[in-house]
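J.: Structure: target.cif, mmCIF, C-alpha atoms and all ligand atoms.
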```cif
data_work
#
loop_
_atom_site.label_atom_id
_atom_site.label_comp_id
_atom_site.auth_asym_id
_atom_site.auth_seq_id
_atom_site.Cartn_x
_atom_site.Cartn_y
_atom_site.Cartn_z
CA MET A 1 -155.96 135.23 -85.27
CA VAL A 2 -154.45 136.94 -88.29
CA ASP A 3 -151.58 135.07 -89.93
CA ALA A 4 -149.04 137.86 -89.35
CA ARG A 5 -146.40 136.10 -91.41
CA ARG A 6 -148.32 136.85 -94.52
CA PRO A 7 -150.44 139.97 -94.54
CA ILE A 8 -151.36 140.41 -98.19
CA ALA A 9 -152.68 143.86 -99.02
CA LEU A 10 -155.71 144.38 -101.20
CA SER A 11 -154.04 147.29 -102.93
CA LEU A 12 -150.69 149.10 -102.66
CA PRO A 13 -149.24 152.06 -104.52
CA CYS A 14 -146.08 151.34 -106.49
CA PHE A 15 -143.26 153.90 -106.30
CA GLU A 16 -139.89 152.99 -107.72
CA GLY A 17 -137.59 155.68 -106.34
CA ASP A 18 -137.21 158.30 -109.04
CA GLU A 19 -140.32 160.04 -107.68
CA ILE A 20 -137.98 161.41 -104.96
CA GLU A 21 -135.88 163.21 -107.56
CA GLY A 22 -139.02 164.83 -109.02
CA LEU A 23 -140.19 165.93 -105.58
CA GLN A 24 -136.75 167.33 -104.69
CA ARG A 25 -136.68 169.36 -107.88
CA VAL A 26 -140.05 170.90 -107.06
CA LEU A 27 -138.99 171.64 -103.47
CA ALA A 28 -135.72 173.22 -104.64
CA SER A 29 -137.61 175.41 -107.12
CA GLY A 30 -139.67 176.93 -104.31
CA TRP A 31 -142.82 176.67 -106.45
CA VAL A 32 -144.90 174.01 -104.76
CA THR A 33 -148.47 174.97 -105.66
CA GLN A 34 -149.93 174.75 -109.17
CA GLY A 35 -147.11 175.58 -111.57
CA PRO A 36 -144.99 174.15 -114.39
CA GLU A 37 -145.20 170.50 -113.23
CA VAL A 38 -149.01 170.67 -113.22
CA ALA A 39 -149.02 172.17 -116.72
CA ALA A 40 -146.71 169.41 -118.01
CA PHE A 41 -148.71 166.66 -116.26
CA GLU A 42 -151.94 168.01 -117.79
CA ARG A 43 -150.44 167.94 -121.29
CA GLU A 44 -148.91 164.49 -120.92
CA PHE A 45 -151.95 162.91 -119.27
CA ALA A 46 -154.38 164.32 -121.84
CA GLU A 47 -152.19 163.13 -124.70
CA ALA A 48 -151.98 159.63 -123.22
CA HIS A 49 -155.80 159.53 -123.07
CA GLY A 50 -156.56 160.84 -126.55
CA ALA A 51 -157.87 164.21 -125.35
CA SER A 52 -156.79 167.75 -126.21
CA TYR A 53 -156.85 169.24 -122.70
CA GLY A 54 -156.13 168.12 -119.15
CA VAL A 55 -157.28 170.05 -116.09
CA ALA A 56 -155.60 168.76 -112.94
CA CYS A 57 -157.44 169.05 -109.64
CA THR A 58 -157.48 167.80 -106.07
CA SER A 59 -159.34 164.49 -106.45
CA GLY A 60 -161.58 162.40 -108.67
CA SER A 61 -164.53 163.74 -106.68
CA THR A 62 -163.65 167.38 -107.40
CA ALA A 63 -162.93 166.48 -111.04
CA LEU A 64 -166.51 165.17 -111.36
CA HIS A 65 -167.97 168.18 -109.56
CA LEU A 66 -165.97 170.54 -111.80
CA ILE A 67 -167.23 168.87 -114.98
CA LEU A 68 -170.88 169.03 -113.94
CA ALA A 69 -170.51 172.65 -112.80
CA ALA A 70 -168.74 173.60 -116.03
CA LEU A 71 -171.54 171.96 -118.05
CA GLY A 72 -173.96 174.22 -116.20
CA VAL A 73 -175.77 171.39 -114.39
CA GLY A 74 -177.81 172.78 -111.51
CA PRO A 75 -181.13 172.82 -109.64
CA GLY A 76 -184.03 171.48 -111.68
CA ASP A 77 -181.75 169.22 -113.76
CA GLU A 78 -181.54 165.43 -113.65
CA VAL A 79 -178.32 163.47 -114.11
CA MET A 80 -178.35 159.70 -114.64
CA VAL A 81 -175.85 157.74 -112.57
CA PRO A 82 -175.37 154.02 -111.91
CA SER A 83 -176.22 153.11 -108.32
CA PHE A 84 -173.32 150.66 -107.91
CA THR A 85 -170.39 153.10 -107.73
CA TRP A 86 -168.37 154.97 -105.15
CA VAL A 87 -170.61 157.47 -103.36
CA ALA A 88 -168.54 160.35 -104.82
CA THR A 89 -170.21 159.92 -108.23
CA VAL A 90 -173.67 160.59 -106.84
CA ASN A 91 -172.49 163.29 -104.43
CA ALA A 92 -170.98 165.28 -107.29
CA VAL A 93 -174.48 165.51 -108.78
CA LEU A 94 -176.07 166.42 -105.44
CA LEU A 95 -173.49 169.17 -104.87
CA THR A 96 -174.61 170.94 -108.06
CA GLY A 97 -178.21 171.00 -106.78
CA ALA A 98 -179.33 168.61 -109.53
CA GLU A 99 -181.24 165.37 -108.93
CA PRO A 100 -179.34 162.09 -109.41
CA VAL A 101 -181.42 159.45 -111.21
CA LEU A 102 -179.99 156.16 -109.98
CA LEU A 103 -179.96 153.37 -112.57
CA ASP A 104 -179.15 149.69 -112.51
CA VAL A 105 -175.89 147.98 -113.46
CA ASP A 106 -175.04 144.70 -115.15
CA PRO A 107 -173.47 142.42 -112.49
CA ARG A 108 -171.30 140.84 -115.21
CA THR A 109 -169.46 144.11 -115.97
CA PHE A 110 -170.48 146.14 -112.87
CA ASN A 111 -171.28 148.99 -115.30
CA LEU A 112 -174.40 150.98 -116.22
CA ARG A 113 -176.99 149.08 -118.30
CA ALA A 114 -177.74 150.92 -121.54
CA ASP A 115 -181.19 149.30 -121.83
CA VAL A 116 -182.57 151.03 -118.73
CA ILE A 117 -181.84 154.57 -119.94
CA ALA A 118 -184.54 155.35 -122.51
CA SER A 119 -187.46 154.84 -120.10
CA ARG A 120 -185.92 157.26 -117.56
CA LEU A 121 -185.19 160.13 -119.97
CA THR A 122 -187.12 163.34 -119.29
CA THR A 123 -186.95 166.91 -120.56
CA ARG A 124 -184.83 167.62 -117.46
CA THR A 125 -182.11 165.07 -118.25
CA ARG A 126 -178.91 167.14 -118.51
CA ALA A 127 -176.16 164.50 -118.49
CA ILE A 128 -175.37 160.81 -117.99
CA VAL A 129 -172.39 159.78 -115.88
CA ALA A 130 -170.93 156.55 -117.29
CA VAL A 131 -168.71 154.99 -114.61
CA HIS A 132 -165.84 152.78 -115.80
CA LEU A 133 -165.91 150.70 -112.65
CA PHE A 134 -162.80 148.84 -111.50
CA GLY A 135 -161.01 149.74 -114.76
CA LEU A 136 -163.48 148.32 -117.32
CA CYS A 137 -165.01 150.99 -119.54
CA ALA A 138 -168.78 151.30 -119.69
CA ASP A 139 -170.29 150.77 -123.13
CA VAL A 140 -170.43 154.49 -123.85
CA GLN A 141 -171.57 154.07 -127.47
CA ALA A 142 -174.56 151.94 -126.44
CA ILE A 143 -175.43 154.41 -123.65
CA ALA A 144 -175.20 157.41 -126.01
CA ALA A 145 -177.41 155.65 -128.56
CA GLN A 146 -180.20 155.49 -125.96
CA ALA A 147 -180.01 159.23 -125.20
CA PRO A 148 -179.20 161.19 -128.35
CA GLY A 149 -177.89 164.67 -127.60
CA VAL A 150 -177.40 164.10 -123.86
CA PRO A 151 -173.76 164.74 -122.83
CA ILE A 152 -171.94 161.68 -121.50
CA VAL A 153 -169.54 162.36 -118.65
CA GLU A 154 -167.04 159.59 -117.98
CA ASP A 155 -166.34 158.73 -114.36
CA ALA A 156 -162.94 157.32 -115.25
CA ALA A 157 -161.72 157.42 -111.62
CA CYS A 158 -160.65 153.75 -111.92
CA ALA A 159 -159.75 153.69 -115.60
CA ALA A 160 -156.46 155.52 -116.28
CA GLY A 161 -155.03 153.78 -119.34
CA GLY A 162 -158.30 151.94 -120.11
CA LEU A 163 -159.73 151.39 -123.57
CA HIS A 164 -163.16 150.80 -125.05
CA ARG A 165 -163.16 149.18 -128.50
CA GLY A 166 -159.77 150.75 -129.13
CA THR A 167 -160.65 154.28 -127.92
CA GLN A 168 -159.04 155.60 -124.74
CA ALA A 169 -160.96 156.23 -121.54
CA GLY A 170 -160.88 160.00 -121.28
CA SER A 171 -161.96 160.59 -124.87
CA LEU A 172 -165.23 158.63 -124.94
CA GLY A 173 -167.55 161.40 -123.71
CA VAL A 174 -167.70 165.18 -123.45
CA ALA A 175 -165.29 165.08 -120.49
CA ALA A 176 -163.81 162.51 -118.11
CA ALA A 177 -162.85 162.56 -114.43
CA PHE A 178 -159.84 160.52 -113.24
CA SER A 179 -158.76 159.81 -109.65
CA PHE A 180 -155.19 159.46 -108.37
CA HIS A 181 -156.13 158.10 -104.94
CA PRO A 182 -153.66 155.41 -103.72
CA ARG A 183 -156.09 152.62 -104.59
CA LYS A 184 -155.92 153.69 -108.22
CA THR A 185 -153.38 152.30 -110.71
CA LEU A 186 -151.59 155.66 -110.95
CA THR A 187 -151.40 157.70 -107.75
CA THR A 188 -150.37 161.14 -106.57
CA GLY A 189 -151.50 160.55 -102.96
CA GLU A 190 -154.74 162.40 -103.57
CA GLY A 191 -155.44 164.09 -106.89
CA GLY A 192 -157.56 164.07 -110.01
CA MET A 193 -157.71 165.14 -113.63
CA VAL A 194 -160.37 166.15 -116.11
CA THR A 195 -159.77 165.41 -119.78
CA THR A 196 -161.76 166.96 -122.60
CA SER A 197 -161.32 168.00 -126.21
CA ASP A 198 -163.78 170.90 -125.94
CA SER A 199 -161.71 174.10 -125.66
CA ALA A 200 -164.52 176.27 -124.24
CA LEU A 201 -165.29 173.64 -121.62
CA ALA A 202 -161.58 173.37 -120.72
CA GLU A 203 -161.42 177.12 -120.25
CA ARG A 204 -164.41 177.11 -117.93
CA LEU A 205 -163.05 174.11 -116.00
CA ARG A 206 -159.80 176.03 -115.40
CA ARG A 207 -161.71 179.10 -114.28
CA LEU A 208 -163.99 177.20 -111.90
CA ARG A 209 -161.00 175.32 -110.45
CA ASN A 210 -159.59 178.68 -109.38
CA HIS A 211 -162.47 180.61 -107.75
CA GLY A 212 -164.02 181.54 -111.11
CA ALA A 213 -160.99 183.71 -111.81
CA SER A 214 -159.01 184.23 -115.02
CA MET A 215 -156.42 186.78 -116.13
CA PRO A 216 -157.51 189.33 -118.75
CA SER A 217 -156.32 188.20 -122.20
CA ASP A 218 -155.08 191.68 -123.28
CA LEU A 219 -152.43 192.15 -120.56
CA PRO A 220 -149.04 193.44 -121.70
CA SER A 221 -146.01 191.27 -120.95
CA PRO A 222 -144.78 191.53 -118.28
CA PRO A 223 -148.14 192.38 -116.66
CA PRO A 224 -148.27 195.59 -114.60
CA PRO A 225 -148.07 195.11 -110.80
CA HIS A 226 -151.68 196.13 -110.34
CA ALA A 227 -153.00 193.43 -112.74
CA MET A 228 -155.54 191.26 -110.97
CA PRO A 229 -157.59 188.28 -112.16
CA ILE A 230 -161.15 188.87 -113.26
CA VAL A 231 -163.60 186.89 -111.12
CA SER A 232 -166.56 186.31 -113.40
CA GLU A 233 -168.42 183.51 -111.57
CA LEU A 234 -168.53 181.51 -108.36
CA GLY A 235 -165.79 178.86 -108.29
CA PHE A 236 -163.70 176.64 -106.03
CA ASN A 237 -160.11 176.03 -105.02
CA TYR A 238 -159.60 172.62 -106.61
CA ARG A 239 -155.98 173.22 -107.65
CA MET A 240 -153.40 170.40 -107.68
CA THR A 241 -149.90 171.06 -106.30
CA ASP A 242 -146.69 170.75 -108.30
CA LEU A 243 -145.55 168.12 -105.79
CA GLN A 244 -148.47 165.89 -106.74
CA ALA A 245 -147.93 166.57 -110.44
CA ALA A 246 -144.25 165.62 -110.19
CA LEU A 247 -145.36 162.26 -108.74
CA GLY A 248 -148.06 161.88 -111.37
CA ARG A 249 -145.70 162.52 -114.30
CA ARG A 250 -143.42 159.70 -113.18
CA GLN A 251 -146.30 157.36 -112.48
CA LEU A 252 -147.74 158.12 -115.93
CA THR A 253 -144.60 156.88 -117.67
CA ARG A 254 -145.11 153.54 -115.88
CA LEU A 255 -148.83 153.25 -116.49
CA PRO A 256 -148.59 150.89 -119.52
CA GLY A 257 -146.27 148.61 -117.51
CA PHE A 258 -148.53 148.72 -114.45
CA ILE A 259 -151.52 147.69 -116.58
CA ALA A 260 -149.63 144.93 -118.42
CA GLU A 261 -148.62 143.42 -115.08
CA ARG A 262 -152.19 143.64 -113.75
CA ARG A 263 -153.45 141.80 -116.84
CA ARG A 264 -150.83 139.10 -116.24
CA LEU A 265 -151.98 138.76 -112.63
CA ALA A 266 -155.61 138.64 -113.82
CA SER A 267 -154.72 135.75 -116.16
CA ARG A 268 -153.09 133.93 -113.24
CA TYR A 269 -156.32 134.35 -111.24
CA THR A 270 -158.22 132.89 -114.19
CA GLU A 271 -155.91 129.88 -114.32
CA GLY A 272 -156.21 129.32 -110.59
CA LEU A 273 -159.87 130.08 -109.94
CA SER A 274 -162.04 129.79 -113.04
CA ASP A 275 -163.31 126.28 -112.18
CA LEU A 276 -164.71 127.27 -108.77
CA PRO A 277 -168.51 126.98 -109.09
CA TRP A 278 -169.20 129.50 -106.31
CA LEU A 279 -166.97 132.30 -107.59
CA ARG A 280 -167.71 134.38 -110.71
CA LEU A 281 -164.60 136.07 -112.02
CA PRO A 282 -164.74 139.57 -113.54
CA ALA A 283 -165.19 140.37 -117.22
CA GLY A 284 -161.93 140.12 -119.14
CA GLN A 285 -161.54 136.34 -119.20
CA PRO A 286 -159.46 134.71 -121.99
CA GLY A 287 -161.06 135.11 -125.41
CA ALA A 288 -163.24 138.04 -124.31
CA PRO A 289 -162.52 141.41 -125.94
CA GLU A 290 -162.45 143.09 -122.51
CA LEU A 291 -159.19 141.29 -121.62
CA ALA A 292 -157.06 143.66 -123.69
CA GLU A 293 -158.95 146.77 -122.54
CA HIS A 294 -159.59 146.19 -118.80
CA THR A 295 -156.98 147.82 -116.54
CA PHE A 296 -157.89 145.70 -113.48
CA GLN A 297 -157.63 148.67 -111.13
CA SER A 298 -159.45 146.27 -108.79
CA TYR A 299 -160.10 142.56 -109.25
CA VAL A 300 -163.72 142.06 -108.21
CA CYS A 301 -165.54 138.72 -108.14
CA ILE A 302 -169.13 137.76 -107.32
CA VAL A 303 -169.58 135.22 -104.53
CA ASP A 304 -172.51 132.80 -104.93
CA GLU A 305 -173.37 132.29 -101.27
CA ALA A 306 -175.74 129.36 -101.94
CA ALA A 307 -173.06 127.45 -103.86
CA LEU A 308 -170.41 128.37 -101.27
CA GLY A 309 -172.60 127.27 -98.38
CA ARG A 310 -172.00 130.40 -96.30
CA SER A 311 -172.02 134.15 -96.56
CA ARG A 312 -169.60 136.35 -98.43
CA ASN A 313 -168.87 138.17 -95.20
CA ASP A 314 -167.96 134.92 -93.41
CA LEU A 315 -165.60 134.12 -96.27
CA MET A 316 -164.03 137.58 -96.05
CA ASP A 317 -163.52 137.09 -92.29
CA GLU A 318 -161.82 133.75 -92.94
CA LEU A 319 -159.54 135.27 -95.54
CA ALA A 320 -158.67 138.11 -93.16
CA ALA A 321 -157.75 135.51 -90.53
CA ALA A 322 -155.46 133.92 -93.11
CA GLY A 323 -153.76 137.29 -93.67
CA ILE A 324 -155.51 138.16 -96.94
CA ALA A 325 -157.21 141.54 -97.29
CA THR A 326 -160.48 141.72 -99.25
CA ARG A 327 -163.24 144.33 -99.51
CA PRO A 328 -166.72 144.52 -101.01
CA GLY A 329 -166.31 145.87 -104.58
CA THR A 330 -168.11 149.09 -103.64
CA HIS A 331 -171.62 149.94 -102.44
CA ALA A 332 -175.03 150.45 -104.04
CA VAL A 333 -175.60 154.13 -103.29
CA HIS A 334 -179.40 153.66 -103.13
CA MET A 335 -178.83 151.48 -100.05
CA LEU A 336 -176.71 154.01 -98.09
CA ALA A 337 -178.60 155.59 -95.18
CA TYR A 338 -178.37 159.21 -96.33
CA HIS A 339 -179.08 158.53 -99.99
CA ARG A 340 -181.88 156.03 -99.31
CA GLU A 341 -183.69 158.68 -97.31
CA ARG A 342 -182.94 161.58 -99.65
CA LEU A 343 -183.52 159.81 -102.96
CA GLY A 344 -186.17 157.36 -101.82
CA VAL A 345 -185.32 154.48 -104.19
CA ALA A 346 -187.54 151.57 -103.18
CA PRO A 347 -185.85 148.27 -102.24
CA GLY A 348 -185.75 145.80 -105.11
CA VAL A 349 -185.94 148.45 -107.83
CA LEU A 350 -182.29 148.12 -108.83
CA PRO A 351 -181.67 144.35 -108.66
CA GLY A 352 -178.27 144.31 -110.37
CA ALA A 353 -176.82 146.97 -108.07
CA THR A 354 -178.34 145.23 -105.04
CA ILE A 355 -176.72 141.89 -105.98
CA CYS A 356 -173.36 143.59 -106.49
CA ASP A 357 -173.67 145.34 -103.13
CA GLY A 358 -174.14 142.05 -101.26
CA ALA A 359 -172.04 139.62 -103.29
CA SER A 360 -169.05 141.49 -104.74
CA MET A 361 -165.61 140.84 -103.29
CA ALA A 362 -162.34 142.51 -104.33
CA ILE A 363 -159.29 140.31 -103.86
CA PRO A 364 -155.63 141.45 -103.84
CA MET A 365 -154.56 143.18 -107.06
CA HIS A 366 -151.67 145.62 -107.23
CA ASN A 367 -148.25 146.09 -108.76
CA ARG A 368 -146.35 144.80 -105.74
CA LEU A 369 -148.25 141.51 -105.51
CA SER A 370 -145.74 138.65 -105.88
CA ASP A 371 -146.60 135.43 -107.68
CA ALA A 372 -145.99 133.55 -104.41
CA ASP A 373 -148.48 135.72 -102.52
CA GLN A 374 -151.00 135.45 -105.34
CA ASP A 375 -150.59 131.65 -105.30
CA TYR A 376 -151.37 131.73 -101.59
CA VAL A 377 -154.55 133.78 -102.23
CA ILE A 378 -155.58 131.24 -104.88
CA GLU A 379 -154.83 128.34 -102.54
CA ARG A 380 -156.92 129.82 -99.72
CA LEU A 381 -159.84 130.53 -102.04
CA ARG A 382 -159.68 126.98 -103.42
CA ALA A 383 -159.72 125.65 -99.85
CA ALA A 384 -162.84 127.69 -99.01
CA VAL A 385 -165.31 124.89 -99.78
C1 LIG A 401 -165.98 155.27 -109.36
C2 LIG A 401 -165.34 156.36 -108.55
N1 LIG A 401 -165.73 157.62 -108.75
C3 LIG A 401 -165.18 158.64 -108.05
C4 LIG A 401 -164.19 158.42 -107.12
C5 LIG A 401 -163.65 159.57 -106.33
O1 LIG A 401 -162.26 159.74 -106.47
P1 LIG A 401 -161.41 160.41 -105.29
O2 LIG A 401 -161.29 159.41 -104.19
O3 LIG A 401 -160.09 160.73 -105.94
O4 LIG A 401 -162.13 161.63 -104.88
C6 LIG A 401 -163.76 157.12 -106.88
C7 LIG A 401 -162.71 156.86 -105.88
O5 LIG A 401 -162.63 155.88 -105.24
C8 LIG A 401 -164.34 156.05 -107.61
O6 LIG A 401 -163.97 154.79 -107.42
#
```
What is this file in structure tokens?

T.:
Amino acid sequence: MVDARRPIALSLPCFEGDEIEGLQRVLASGWVTQGPEVAAFEREFAEAHGASYGVACTSGSTALHLILAALGVGPGDEVMVPSFTWVATVNAVLLTGAEPVLLDVDPRTFNLRADVIASRLTTRTRAIVAVHLFGLCADVQAIAAQAPGVPIVEDAACAAGGLHRGTQAGSLGVAAAFSFHPRKTLTTGEGGMVTTSDSALAERLRRLRNHGASMPSDLPSPPPPHAMPIVSELGFNYRMTDLQAALGRRQLTRLPGFIAERRRLASRYTEGLSDLPWLRLPAGQPGAPELAEHTFQSYVCIVDEAALGRSRNDLMDELAAAGIATRPGTHAVHMLAYHRERLGVAPGVLPGATICDGASMAIPMHNRLSDADQDYVIERLRAAV
């Protein structure tokens, strides 16, 4: 029986009311598809992430696909990707026709291990996707040092507002893909953004987002009625709407506050849980440099089943019965049915990702989590043994 008095969500979006005014303004303007709000959101988001250009799109998945397509990744190419990530990261590579090379992660950070890269480099390696999982940036400098000249694409789906050694997520590689899904710190319902400081890449990203079309640069103003876009390559419709951008612009102004509150909640989890021998808390503990840079988009622990005396899944069932939502952190893509068959990664080859797949557990973390509810989560976890 679920304790219905106290359902505590794993994650909740946080809207404070003035989003309505932004949406009403867009509706009243009559321009609801990509328009002035998208252009403003792109500028503001890029600036907040230390990049010159923002290219808004429909999701984090399409942002990743756009980047790889704009880099010219295609059949015959290989792209390195960590196995422990949301399946979208690997699918973006598969959709270009390139071959994903799945690599292992460090269960302490949940991010790609730099030391496994050099041995997997080939003449076909076209890019490395560094995933900033759960809001902690991958060590992009260490990864780049192992693969000189190979473009690093940031999968920053979880890392809006994140930092790595003082540099913003979104300006650590050649381009970055952000997600605005409701489980992310900043949400537009669905939505995504690419950031880059490469002007030629930004231009191609914009073209590919819109069916490969662009307006001729030598048009008079106003353009004649017969002016039509030039379609110079095969592209997609990955355009964001002005309604989503109006939401995103308001959410962006709150992002620093959202992250500060998540760090406060993370510190409260540390205080309440760090002595439990069966639970390993995420990177970003007091004294560690990650604390000031992690955005805690999710708060993901590792459960030591032997020390706990039962399985992670049994624990998750018990917490659900107590009204507390949890989820596995994410999955190891090499263990998913379709990808196992298609990519043929042998069991045991990626031990870090396999451990994370079976032992990771996300516990409630969002900007509407009250201290009282968090105390209850802590109390139930402490009572687990
Ligand atoms: C690491 C990672 N990459 C990519 C995505 C895809 O983002 P979206 O859901 O906006 O398509 C997600 C979303 O959950 C993610 O967590």

J.: Residues up to 7 Å from ligand LIG 401 (chain A), counting only C-alpha atoms and all ligand atoms: could you list those as a ChimeraX atom specification?

T.: /A:59-62,85-86,88-89,131-133,155-158,179-181,190-192

J.: Could you tell me how far atom CA of A:Val129 sits from atom CA of A:Ile355, in Å to one decimal place?

T.: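 Between atom CA of A:Ile355 and atom CA of A:Val129 the gap is 20.9 Å.
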
J.: Within 9 Å of stretch 334-349 of chain A, counting only C-alpha atoms, which residues show up once you throw out same-chain ones fewer than 6 positions away? Write them as a VMD selection string, please.

T.: chain A and resid 83 to 84 87 90 99 to 102 104 357

J.: Within 12 Å of (-152.6, 144.6, -115.9), in the coordinates the file gives, what residues turn up when you count only C-alpha atoms, written out as a PyMOL selection string?

T.: chain A and resi 134-136+159-162+185+254-269+284+290-299+365-369

J.: Show which residues sit within 12 Å of A:Thr58, as a PyMOL selection string. Count all atoms listed in the file, and ignore same-chain residues fewer than 5 positions away.

T.: chain A and resi 33-34+38+63-66+177-181+187-194+209-210+236-245

J.: For the atom pair atom CA of A:Glu42 and atom CA of A:Glu154, what is the interatomic distance in Å to one decimal place?

T.: 17.3 Å

J.: Of the residues A:Thr123, A:Gln285, A:Gln251, A:Ser29, which is the one nearest to A:Gly17, using all atoms listed in the file?

T.: A:Gln251

J.: Quote the spacing between atom CA of A:Val174 and atom CA of A:Val150 in Å to one decimal place.

T.: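 A separation of 9.8 Å between them.
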
J.: Counting only C-alpha atoms, figure out which residue out of A:Ile117, A:Val153, A:Ala202, A:Leu273 gets nearest to A:Ala92.

T.: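 Smallest distance to A:Ala92 is found for A:Val153.
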
J.: Given the choices A:Pro286, A:Pro36, A:Gly74, A:Gly358, which gets closest to A:Asn313 if the distance is worked out from only C-alpha atoms?

T.: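 Of all the options, A:Gly358 lies closest to A:Asn313.
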
J.: Between A:Gly272, A:Ala359, A:Pro224, A:Leu281, which one has atoms that come closest to A:Gln374, using only C-alpha atoms?

T.: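 Closest to A:Gln374, using only C-alpha atoms: A:Gly272.
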
J.: Counting all atoms listed in the file, figure out which residue out of A:Glu271, A:Arg120, A:Lys184, A:His164 gets nearest to A:Gln146.

T.: A:Arg120

J.: Can you tell me, as JSON, numbers by chain, what residues are no more than 9 Å from A:Ala70 when counting all atoms listed in the file, ignoring any on the same chain fewer than 2 positions away?

T.: {"A": [65, 66, 67, 68, 72, 73, 201, 202, 204, 205, 208]}

J.: Mind checking which residues fall within 12 Å of A:Ser311, counting all atoms listed in the file, ignoring those fewer than 2 positions away in the same chain, and posting them as a ChimeraX atom specification?

T.: /A:278,302-309,313-318,358-361,384-385

J.: Output: stretch 144-158 of chain A of the preceding structure, restricted to N, CA and C atoms, written as a PDB file, in the first residue's frame.

T.:
```pdb
ATOM      1  N   ALA A 144      39.812  15.212 -24.074  1.00  0.00           N
ATOM      2  CA  ALA A 144      40.410  15.796 -25.285  1.00  0.00           C
ATOM      3  C   ALA A 144      41.894  15.466 -25.374  1.00  0.00           C
ATOM      4  N   ALA A 145      42.559  15.404 -24.220  1.00  0.00           N
ATOM      5  CA  ALA A 145      44.000  15.124 -24.220  1.00  0.00           C
ATOM      6  C   ALA A 145      44.292  13.725 -24.744  1.00  0.00           C
ATOM      7  N   GLN A 146      43.331  12.816 -24.628  1.00  0.00           N
ATOM      8  CA  GLN A 146      43.509  11.435 -25.096  1.00  0.00           C
ATOM      9  C   GLN A 146      43.231  11.290 -26.593  1.00  0.00           C
ATOM     10  N   ALA A 147      42.619  12.324 -27.190  1.00  0.00           N
ATOM     11  CA  ALA A 147      42.208  12.206 -28.602  1.00  0.00           C
ATOM     12  C   ALA A 147      42.447  13.536 -29.308  1.00  0.00           C
ATOM     13  N   PRO A 148      43.714  13.919 -29.457  1.00  0.00           N
ATOM     14  CA  PRO A 148      43.992  15.237 -30.041  1.00  0.00           C
ATOM     15  C   PRO A 148      43.353  15.385 -31.420  1.00  0.00           C
ATOM     16  N   GLY A 149      42.691  16.500 -31.642  1.00  0.00           N
ATOM     17  CA  GLY A 149      42.093  16.792 -32.944  1.00  0.00           C
ATOM     18  C   GLY A 149      40.699  16.231 -33.148  1.00  0.00           C
ATOM     19  N   VAL A 150      40.239  15.357 -32.252  1.00  0.00           N
ATOM     20  CA  VAL A 150      38.891  14.795 -32.416  1.00  0.00           C
ATOM     21  C   VAL A 150      37.888  15.753 -31.755  1.00  0.00           C
ATOM     22  N   PRO A 151      36.855  16.197 -32.498  1.00  0.00           N
ATOM     23  CA  PRO A 151      35.887  17.129 -31.891  1.00  0.00           C
ATOM     24  C   PRO A 151      35.164  16.507 -30.700  1.00  0.00           C
ATOM     25  N   ILE A 152      35.024  17.291 -29.637  1.00  0.00           N
ATOM     26  CA  ILE A 152      34.255  16.840 -28.469  1.00  0.00           C
ATOM     27  C   ILE A 152      32.891  17.512 -28.519  1.00  0.00           C
ATOM     28  N   VAL A 153      31.858  16.690 -28.529  1.00  0.00           N
ATOM     29  CA  VAL A 153      30.474  17.179 -28.472  1.00  0.00           C
ATOM     30  C   VAL A 153      30.005  16.978 -27.036  1.00  0.00           C
ATOM     31  N   GLU A 154      29.464  18.024 -26.434  1.00  0.00           N
ATOM     32  CA  GLU A 154      28.943  17.873 -25.074  1.00  0.00           C
ATOM     33  C   GLU A 154      27.479  17.432 -25.140  1.00  0.00           C
ATOM     34  N   ASP A 155      27.153  16.320 -24.481  1.00  0.00           N
ATOM     35  CA  ASP A 155      25.754  16.022 -24.207  1.00  0.00           C
ATOM     36  C   ASP A 155      25.482  16.665 -22.858  1.00  0.00           C
ATOM     37  N   ALA A 156      25.009  17.920 -22.941  1.00  0.00           N
ATOM     38  CA  ALA A 156      24.759  18.712 -21.730  1.00  0.00           C
ATOM     39  C   ALA A 156      23.268  18.704 -21.403  1.00  0.00           C
ATOM     40  N   ALA A 157      22.575  17.624 -21.817  1.00  0.00           N
ATOM     41  CA  ALA A 157      21.121  17.532 -21.595  1.00  0.00           C
ATOM     42  C   ALA A 157      20.770  17.816 -20.142  1.00  0.00           C
ATOM     43  N   CYS A 158      21.618  17.333 -19.206  1.00  0.00           N
ATOM     44  CA  CYS A 158      21.319  17.459 -17.773  1.00  0.00           C
ATOM     45  C   CYS A 158      22.035  18.640 -17.130  1.00  0.00           C
TER      46      CYS A 158
END
```
